[in-house]
Amino acid sequence: MELARAGGPQAALAARRAAILAERTDPALTREALHLAARLDPLDPAPRLALARVAAEQGDLEAAKAEATAVLNEAVDEAARARAAFILGEMARVANQAERARIFYETTLRIEEALLAADRADPTAARWYARARGRIAELDATDGAFGPARTGAEGALAMLRAAAAQAGEAPVLAADIADAEMRLAALELDEGQAASARRRLAEAIGRYEALAVTEPEEPHWRGVLSDAWALAAEADYVRGAPDAARTAMDKALQARVRLAARHPEEAWALAGAWRLRAALRAALGDDDAAAESLQQARALAETLCLRAAGAEAPARFFIHTVLDQADHALRTGDFNRAREAADTARMTAETFARDNNSAVWFGEVAACWDRLGETARGAGAADKALDAFSRAVEFRRIACDRRTDDVQFARGLAAALIKFGDASLDSGALASAQTAHNEAVALRLRFVDAAPNDLGALRALAAALERFGLSAREAGDVDAARGAWEDELALAERIFPDDDEIEALRFRAIVEAHLAGAGGPHAETHRTASLARFDALAKAGAMTEREAVLRRKLWGG
């Protein structure tokens, strides 16, 4: 830096060398050196690109955007402009600005395409083209366009392999190939191709392990290695290899433990890995191992939350971790543990709700009361369940009042009303049950009107109509019950176009059974139709015990 500050013909080179040497130990000096290098040699875009990268890594996104935008708009070097566009795309992607990210990635593609047209043997251009194409594939997958996503991901991998065959597999190219294999593996898992996904992940894991060995001071490699092992565990689970899934998940956890031991900022990712392990072990039926994993995640999240001194994101992570613990305890019948966990989450959430008065925090409080209601219901405490679900509705309503334009909060209110209505029905508060279920129907009808082809909204409306019918019948309003179930049956045509599906048979059979029990001029027709569908379910071996009971009642006329 002394040489760079002194000026002279070698000052720009000295500044760049100073930036490289200082990057790991002195971030401020690194940025000063890069600023000086950019000023001393304004025609060289490399210092400004490095400055954009370093600023982004340090969290100064505005400075990073300014430097990358300047290179994109002003640089003569087309390769540098492509890098700048890619950096801008990455920042937009992290900020959940998908369309803006797509624009920048497509800009990178166009620039690299022109460079490849001039020199097809340029491995650097091929690599950056493949990177941008892979990112666009990820955006396509997020949008549900899995066909284009698969095509783009395969094209990116093919181009990277061709570049490796031509120029050798340097570490940077090995990393890109590993990333591309992981991307394709995730898409194949979504398509149910678990065996193929596992093979791709083995390729990616081998490369990440080699990079972790050759570059031990770079924490990124152990991070992505852990992610790859976690995805491999999912693939093993899907393909029916439980022991392999346990081993893969433990390797993912070990990578995170080693990383967090050397880099304390990685402790949050370690807590997430414990939660992921808990989910896998619970799915495999290892309830004790899942409970232990959640306890580890909770202890770590609580420590990190205390260190964060009132920051919102850490608090929400802690709350969700403790609610995961409550959910697992509920599934395994440990109601005392579930109650303690849900109440701990509630107290934390209420503190932040009082301090921030925001819809998000009122929604978190409502989620905690919902778990307390589920716990009380599971333990047979009907009055406590009713009180908890009532409070959940109250806080959901407050959240909706603060975010009237947010559909997510309205959906949460509708779900809370269904549970409160069910609890009211169990407690004999029939008028409250009917009112709550009716409001849930009205809310969900609005969602269907806004998105008529949304299967999720249609199913949710059908569930609300069924619950309203049950509460109306118990309250003696048989006409209202019949009307609700007729509306629910009419939704079957939109939810299940194919009547031969098992779920379609089950849906119609149950609703028609309700209508048969409600009487009216078409009751016998509904009874006959319901019996025929239950018979088809029985022949297919898909009838549940509850449906068998309903079928016997229908036989009795």
# chains A, B, ... in the order shown; residues from 1 in each chain; ligands from 1
call {"tool": "residues_around", "arguments": {"residues": "Asp479 (chain A)", "least_positions_apart": "4", "cutoff": "9 Å", "atoms": "only C-alpha atoms", "output": "list in words"}}
result
Ala472, Arg473, Gly483, Ala484, Ala518 and Gly520 of chain A
call {"tool": "residues_around", "arguments": {"residues": "Ala382 (chain A)", "least_positions_apart": "4", "cutoff": "12 Å", "atoms": "only C-alpha atoms", "output": "PyMOL selection string"}}
result
chain A and resi 372-378+386-389+420+422-429
call {"tool": "select_by_dssp", "arguments": {"residues": "region 44-248 of chain A", "states": "alpha helix (DSSP H)", "output": "PyMOL selection string"}}
result
chain A and resi 46-57+61-74+78-94+98-118+123-142+146-167+171-190+194-214+219-238+242-248
call {"tool": "residues_around", "arguments": {"residues": "Ala158 (chain A)", "least_positions_apart": "6", "cutoff": "10 Å", "atoms": "only C-alpha atoms", "output": "list in words"}}
result
Ala130, Gly152, Ala164, Ile177 and Ala180 of chain A
call {"tool": "write_last_selection", "arguments": {"atoms": "N, CA and C atoms", "output": "JSON list (two decimals), in the first residue's frame"}}
result
[["chain", "number", "residue", "atom", "x", "y", "z"],
["A", 130, "ALA", "N", -22.48, -20.80, -19.19],
["A", 130, "ALA", "CA", -23.13, -21.92, -18.49],
["A", 130, "ALA", "C", -23.64, -21.48, -17.13],
["A", 152, "GLY", "N", -32.46, -26.14, -19.69],
["A", 152, "GLY", "CA", -31.39, -25.18, -19.42],
["A", 152, "GLY", "C", -30.30, -25.75, -18.53],
["A", 164, "ALA", "N", -14.35, -28.56, -19.94],
["A", 164, "ALA", "CA", -13.38, -29.33, -19.16],
["A", 164, "ALA", "C", -12.61, -30.30, -20.06],
["A", 177, "ILE", "N", -19.00, -27.43, -12.44],
["A", 177, "ILE", "CA", -19.60, -28.72, -12.81],
["A", 177, "ILE", "C", -20.36, -29.30, -11.62],
["A", 180, "ALA", "N", -23.59, -27.51, -11.23],
["A", 180, "ALA", "CA", -24.54, -27.89, -12.27],
["A", 180, "ALA", "C", -25.12, -29.28, -12.00]]
call {"tool": "closest_atom_pairs", "arguments": {"of": "region 180-236 of chain A", "to": "region 246-268 of chain A", "cutoff": "7 Å", "atoms": "only C-alpha atoms", "output": "tab-separated table"}}
result
residue	atom	partner	partner_atom	distance
A:Pro219	CA	A:Leu259	CA	6.7
A:Arg222	CA	A:Ala255	CA	5.9
A:Gly223	CA	A:Arg256	CA	6.7
A:Ser226	CA	A:Ala252	CA	4.1
A:Asp227	CA	A:Ala252	CA	6.7
A:Trp229	CA	A:Ala252	CA	4.9
A:Ala230	CA	A:Met249	CA	5.3
A:Ala232	CA	A:Ala248	CA	6.3
A:Ala233	CA	A:Ala248	CA	4.9
call {"tool": "closest_residue", "arguments": {"among": "A:Ala309, A:Ile111, A:Leu3, A:Leu280", "to": "Asp243 (chain A)", "atoms": "only C-alpha atoms"}}
result
A:Leu280
call {"tool": "residues_around", "arguments": {"residues": "Thr151 (chain A)", "least_positions_apart": "5", "cutoff": "10 Å", "atoms": "only C-alpha atoms", "output": "number ranges by chain"}}
result
A: 133-134, 137, 146, 156, 184
call {"tool": "write_last_selection", "arguments": {"atoms": "C-alpha atoms", "output": "PDB file, in the first residue's frame"}}
result
ATOM      1  CA  ARG A 133     -27.898 -20.417 -18.133  1.00  0.00           C
ATOM      2  CA  GLY A 134     -27.935 -22.457 -14.943  1.00  0.00           C
ATOM      3  CA  ALA A 137     -32.907 -22.646 -15.121  1.00  0.00           C
ATOM      4  CA  PHE A 146     -39.806 -27.459 -15.098  1.00  0.00           C
ATOM      5  CA  ALA A 156     -25.283 -25.709 -18.812  1.00  0.00           C
ATOM      6  CA  LEU A 184     -29.921 -31.127 -12.066  1.00  0.00           C
TER       7      LEU A 184
END
call {"tool": "residues_around", "arguments": {"residues": "Trp361 (chain A)", "least_positions_apart": "3", "cutoff": "12 Å", "atoms": "only C-alpha atoms", "output": "ChimeraX atom specification"}}
result
/A:312-313,315-316,319,345-358,364-368,395-396,398-400,402-403,409
call {"tool": "write_last_selection", "arguments": {"atoms": "N, CA and C atoms", "output": "mmCIF file, in the first residue's frame"}}
result
data_model
loop_
_atom_site.group_PDB
_atom_site.id
_atom_site.type_symbol
_atom_site.label_atom_id
_atom_site.label_comp_id
_atom_site.auth_asym_id
_atom_site.auth_seq_id
_atom_site.Cartn_x
_atom_site.Cartn_y
_atom_site.Cartn_z
ATOM 1 N N GLU A 312 -34.629 -9.231 14.768
ATOM 2 C CA GLU A 312 -35.868 -9.934 14.448
ATOM 3 C C GLU A 312 -35.639 -11.274 13.759
ATOM 4 N N ALA A 313 -34.759 -11.319 12.766
ATOM 5 C CA ALA A 313 -34.566 -12.565 12.018
ATOM 6 C C ALA A 313 -34.097 -13.710 12.917
ATOM 7 N N ALA A 315 -34.668 -14.058 16.074
ATOM 8 C CA ALA A 315 -35.792 -14.409 16.947
ATOM 9 C C ALA A 315 -36.807 -15.287 16.210
ATOM 10 N N ARG A 316 -37.082 -14.963 14.964
ATOM 11 C CA ARG A 316 -38.030 -15.780 14.195
ATOM 12 C C ARG A 316 -37.465 -17.180 13.955
ATOM 13 N N ILE A 319 -37.994 -19.061 17.151
ATOM 14 C CA ILE A 319 -39.409 -19.408 17.339
ATOM 15 C C ILE A 319 -39.799 -20.584 16.457
ATOM 16 N N ALA A 345 -42.139 -20.353 22.710
ATOM 17 C CA ALA A 345 -42.226 -19.611 21.454
ATOM 18 C C ALA A 345 -43.204 -18.451 21.578
ATOM 19 N N ARG A 346 -44.333 -18.701 22.240
ATOM 20 C CA ARG A 346 -45.351 -17.643 22.395
ATOM 21 C C ARG A 346 -44.794 -16.443 23.149
ATOM 22 N N MET A 347 -44.086 -16.691 24.250
ATOM 23 C CA MET A 347 -43.574 -15.575 25.049
ATOM 24 C C MET A 347 -42.585 -14.737 24.246
ATOM 25 N N THR A 348 -41.732 -15.405 23.475
ATOM 26 C CA THR A 348 -40.785 -14.658 22.638
ATOM 27 C C THR A 348 -41.509 -13.850 21.575
ATOM 28 N N ALA A 349 -42.487 -14.484 20.919
ATOM 29 C CA ALA A 349 -43.221 -13.805 19.842
ATOM 30 C C ALA A 349 -44.019 -12.625 20.377
ATOM 31 N N GLU A 350 -44.634 -12.773 21.547
ATOM 32 C CA GLU A 350 -45.438 -11.670 22.102
ATOM 33 C C GLU A 350 -44.567 -10.477 22.474
ATOM 34 N N THR A 351 -43.350 -10.750 22.932
ATOM 35 C CA THR A 351 -42.428 -9.651 23.242
ATOM 36 C C THR A 351 -42.138 -8.823 21.998
ATOM 37 N N PHE A 352 -41.854 -9.505 20.895
ATOM 38 C CA PHE A 352 -41.564 -8.784 19.648
ATOM 39 C C PHE A 352 -42.820 -8.130 19.082
ATOM 40 N N ALA A 353 -43.974 -8.754 19.257
ATOM 41 C CA ALA A 353 -45.223 -8.155 18.768
ATOM 42 C C ALA A 353 -45.517 -6.847 19.503
ATOM 43 N N ARG A 354 -45.252 -6.823 20.807
ATOM 44 C CA ARG A 354 -45.465 -5.582 21.571
ATOM 45 C C ARG A 354 -44.498 -4.489 21.121
ATOM 46 N N ASP A 355 -43.260 -4.879 20.853
ATOM 47 C CA ASP A 355 -42.241 -3.875 20.509
ATOM 48 C C ASP A 355 -42.370 -3.378 19.074
ATOM 49 N N ASN A 356 -42.816 -4.260 18.162
ATOM 50 C CA ASN A 356 -42.822 -3.912 16.739
ATOM 51 C C ASN A 356 -44.207 -3.593 16.188
ATOM 52 N N ASN A 357 -45.247 -4.180 16.800
ATOM 53 C CA ASN A 357 -46.631 -3.905 16.377
ATOM 54 C C ASN A 357 -46.828 -4.158 14.882
ATOM 55 N N SER A 358 -46.205 -5.243 14.369
ATOM 56 C CA SER A 358 -46.282 -5.525 12.938
ATOM 57 C C SER A 358 -47.117 -6.774 12.680
ATOM 58 N N GLU A 364 -46.937 -14.554 13.988
ATOM 59 C CA GLU A 364 -46.123 -15.510 14.746
ATOM 60 C C GLU A 364 -46.797 -15.856 16.078
ATOM 61 N N VAL A 365 -47.344 -14.861 16.743
ATOM 62 C CA VAL A 365 -48.053 -15.121 18.007
ATOM 63 C C VAL A 365 -49.226 -16.058 17.767
ATOM 64 N N ALA A 366 -49.969 -15.815 16.687
ATOM 65 C CA ALA A 366 -51.107 -16.672 16.355
ATOM 66 C C ALA A 366 -50.666 -18.112 16.129
ATOM 67 N N ALA A 367 -49.532 -18.301 15.451
ATOM 68 C CA ALA A 367 -49.020 -19.659 15.206
ATOM 69 C C ALA A 367 -48.707 -20.365 16.523
ATOM 70 N N CYS A 368 -48.178 -19.622 17.480
ATOM 71 C CA CYS A 368 -47.868 -20.219 18.789
ATOM 72 C C CYS A 368 -49.146 -20.621 19.516
ATOM 73 N N PHE A 395 -55.399 -12.950 17.041
ATOM 74 C CA PHE A 395 -54.133 -12.409 16.549
ATOM 75 C C PHE A 395 -54.048 -12.473 15.026
ATOM 76 N N ARG A 396 -54.642 -13.506 14.413
ATOM 77 C CA ARG A 396 -54.707 -13.537 12.948
ATOM 78 C C ARG A 396 -55.511 -12.359 12.417
ATOM 79 N N ILE A 398 -55.860 -9.414 13.850
ATOM 80 C CA ILE A 398 -55.048 -8.202 13.999
ATOM 81 C C ILE A 398 -54.022 -8.116 12.860
ATOM 82 N N ALA A 399 -53.398 -9.247 12.554
ATOM 83 C CA ALA A 399 -52.422 -9.264 11.463
ATOM 84 C C ALA A 399 -53.080 -8.866 10.142
ATOM 85 N N CYS A 400 -54.281 -9.389 9.885
ATOM 86 C CA CYS A 400 -55.000 -9.045 8.647
ATOM 87 C C CYS A 400 -55.342 -7.567 8.591
ATOM 88 N N ARG A 402 -53.655 -5.196 9.724
ATOM 89 C CA ARG A 402 -52.453 -4.418 9.433
ATOM 90 C C ARG A 402 -51.929 -4.673 8.025
ATOM 91 N N ARG A 403 -52.345 -5.775 7.408
ATOM 92 C CA ARG A 403 -51.917 -6.088 6.029
ATOM 93 C C ARG A 403 -53.148 -6.501 5.230
ATOM 94 N N PHE A 409 -51.947 -13.530 4.930
ATOM 95 C CA PHE A 409 -52.511 -13.319 6.267
ATOM 96 C C PHE A 409 -53.997 -13.675 6.289
#
call {"tool": "residues_around", "arguments": {"residues": "Ala235 (chain A)", "least_positions_apart": "4", "cutoff": "10 Å", "atoms": "only C-alpha atoms", "output": "MDAnalysis selection string"}}
result
chainID A and resid 185:186 188:189 192:199 201 229:231 239:241 244:245 248
call {"tool": "write_last_selection", "arguments": {"atoms": "C-alpha atoms", "output": "PDB file, in the first residue's frame"}}
result
ATOM      1  CA  ALA A 185     -30.156 -33.503  -9.098  1.00  0.00           C
ATOM      2  CA  ALA A 186     -32.618 -31.163  -7.365  1.00  0.00           C
ATOM      3  CA  GLU A 188     -34.681 -34.804 -10.858  1.00  0.00           C
ATOM      4  CA  LEU A 189     -35.727 -35.210  -7.234  1.00  0.00           C
ATOM      5  CA  GLY A 192     -39.289 -38.416  -8.722  1.00  0.00           C
ATOM      6  CA  GLN A 193     -36.030 -39.616 -10.321  1.00  0.00           C
ATOM      7  CA  ALA A 194     -34.278 -40.276  -7.022  1.00  0.00           C
ATOM      8  CA  ALA A 195     -31.753 -42.859  -8.287  1.00  0.00           C
ATOM      9  CA  SER A 196     -30.483 -40.582 -11.068  1.00  0.00           C
ATOM     10  CA  ALA A 197     -30.385 -37.625  -8.672  1.00  0.00           C
ATOM     11  CA  ARG A 198     -28.290 -39.656  -6.211  1.00  0.00           C
ATOM     12  CA  ARG A 199     -25.754 -40.497  -8.931  1.00  0.00           C
ATOM     13  CA  LEU A 201     -24.988 -35.889  -6.205  1.00  0.00           C
ATOM     14  CA  TRP A 229     -24.905 -34.495   1.449  1.00  0.00           C
ATOM     15  CA  ALA A 230     -28.272 -33.242   2.766  1.00  0.00           C
ATOM     16  CA  LEU A 231     -29.775 -33.474  -0.722  1.00  0.00           C
ATOM     17  CA  ARG A 239     -35.455 -44.239  -3.208  1.00  0.00           C
ATOM     18  CA  GLY A 240     -36.096 -46.351  -0.102  1.00  0.00           C
ATOM     19  CA  ALA A 241     -32.573 -46.579   1.346  1.00  0.00           C
ATOM     20  CA  ALA A 244     -27.896 -44.598   3.420  1.00  0.00           C
ATOM     21  CA  ALA A 245     -30.135 -41.583   4.142  1.00  0.00           C
ATOM     22  CA  ALA A 248     -25.656 -39.020   4.278  1.00  0.00           C
TER      23      ALA A 248
END
call {"tool": "closest_residue", "arguments": {"among": "A:Leu88, A:Leu413, A:Ala80, A:Leu455", "to": "Arg494 (chain A)", "atoms": "only C-alpha atoms"}}
result
A:Leu455
call {"tool": "decode", "arguments": {"residues": "region 362-404 of chain A", "atoms": "C-alpha atoms", "output": "CSV table (one decimal), in the first residue's frame"}}
result
chain,number,residue,atom,x,y,z
A,362,PHE,CA,-48.9,-11.0,15.3
A,363,GLY,CA,-49.0,-13.8,12.8
A,364,GLU,CA,-46.1,-15.5,14.7
A,365,VAL,CA,-48.1,-15.1,18.0
A,366,ALA,CA,-51.1,-16.7,16.4
A,367,ALA,CA,-49.0,-19.7,15.2
A,368,CYS,CA,-47.9,-20.2,18.8
A,369,TRP,CA,-51.4,-20.1,20.1
A,370,ASP,CA,-52.4,-22.5,17.4
A,371,ARG,CA,-49.8,-25.1,18.7
A,372,LEU,CA,-51.1,-24.5,22.2
A,373,GLY,CA,-54.6,-25.3,21.0
A,374,GLU,CA,-53.4,-28.5,19.3
A,375,THR,CA,-51.6,-29.5,22.4
A,376,ALA,CA,-54.7,-29.0,24.6
A,377,ARG,CA,-56.9,-30.8,22.1
A,378,GLY,CA,-54.5,-33.7,22.0
A,379,ALA,CA,-54.4,-33.9,25.8
A,380,GLY,CA,-58.3,-33.8,26.0
A,381,ALA,CA,-58.5,-30.3,27.5
A,382,ALA,CA,-61.4,-29.1,25.3
A,383,ASP,CA,-61.9,-25.7,27.2
A,384,LYS,CA,-58.2,-24.9,27.0
A,385,ALA,CA,-58.1,-25.8,23.3
A,386,LEU,CA,-61.1,-23.5,22.6
A,387,ASP,CA,-59.4,-20.6,24.4
A,388,ALA,CA,-56.1,-21.1,22.6
A,389,PHE,CA,-57.8,-21.3,19.1
A,390,SER,CA,-59.9,-18.3,20.0
A,391,ARG,CA,-56.7,-16.3,20.7
A,392,ALA,CA,-55.1,-17.6,17.5
A,393,VAL,CA,-58.1,-16.1,15.6
A,394,GLU,CA,-57.8,-12.9,17.5
A,395,PHE,CA,-54.1,-12.4,16.5
A,396,ARG,CA,-54.7,-13.5,12.9
A,397,ARG,CA,-57.4,-10.9,12.7
A,398,ILE,CA,-55.0,-8.2,14.0
A,399,ALA,CA,-52.4,-9.3,11.5
A,400,CYS,CA,-55.0,-9.0,8.6
A,401,ASP,CA,-56.1,-5.6,9.8
A,402,ARG,CA,-52.5,-4.4,9.4
A,403,ARG,CA,-51.9,-6.1,6.0
A,404,THR,CA,-55.3,-5.9,4.3
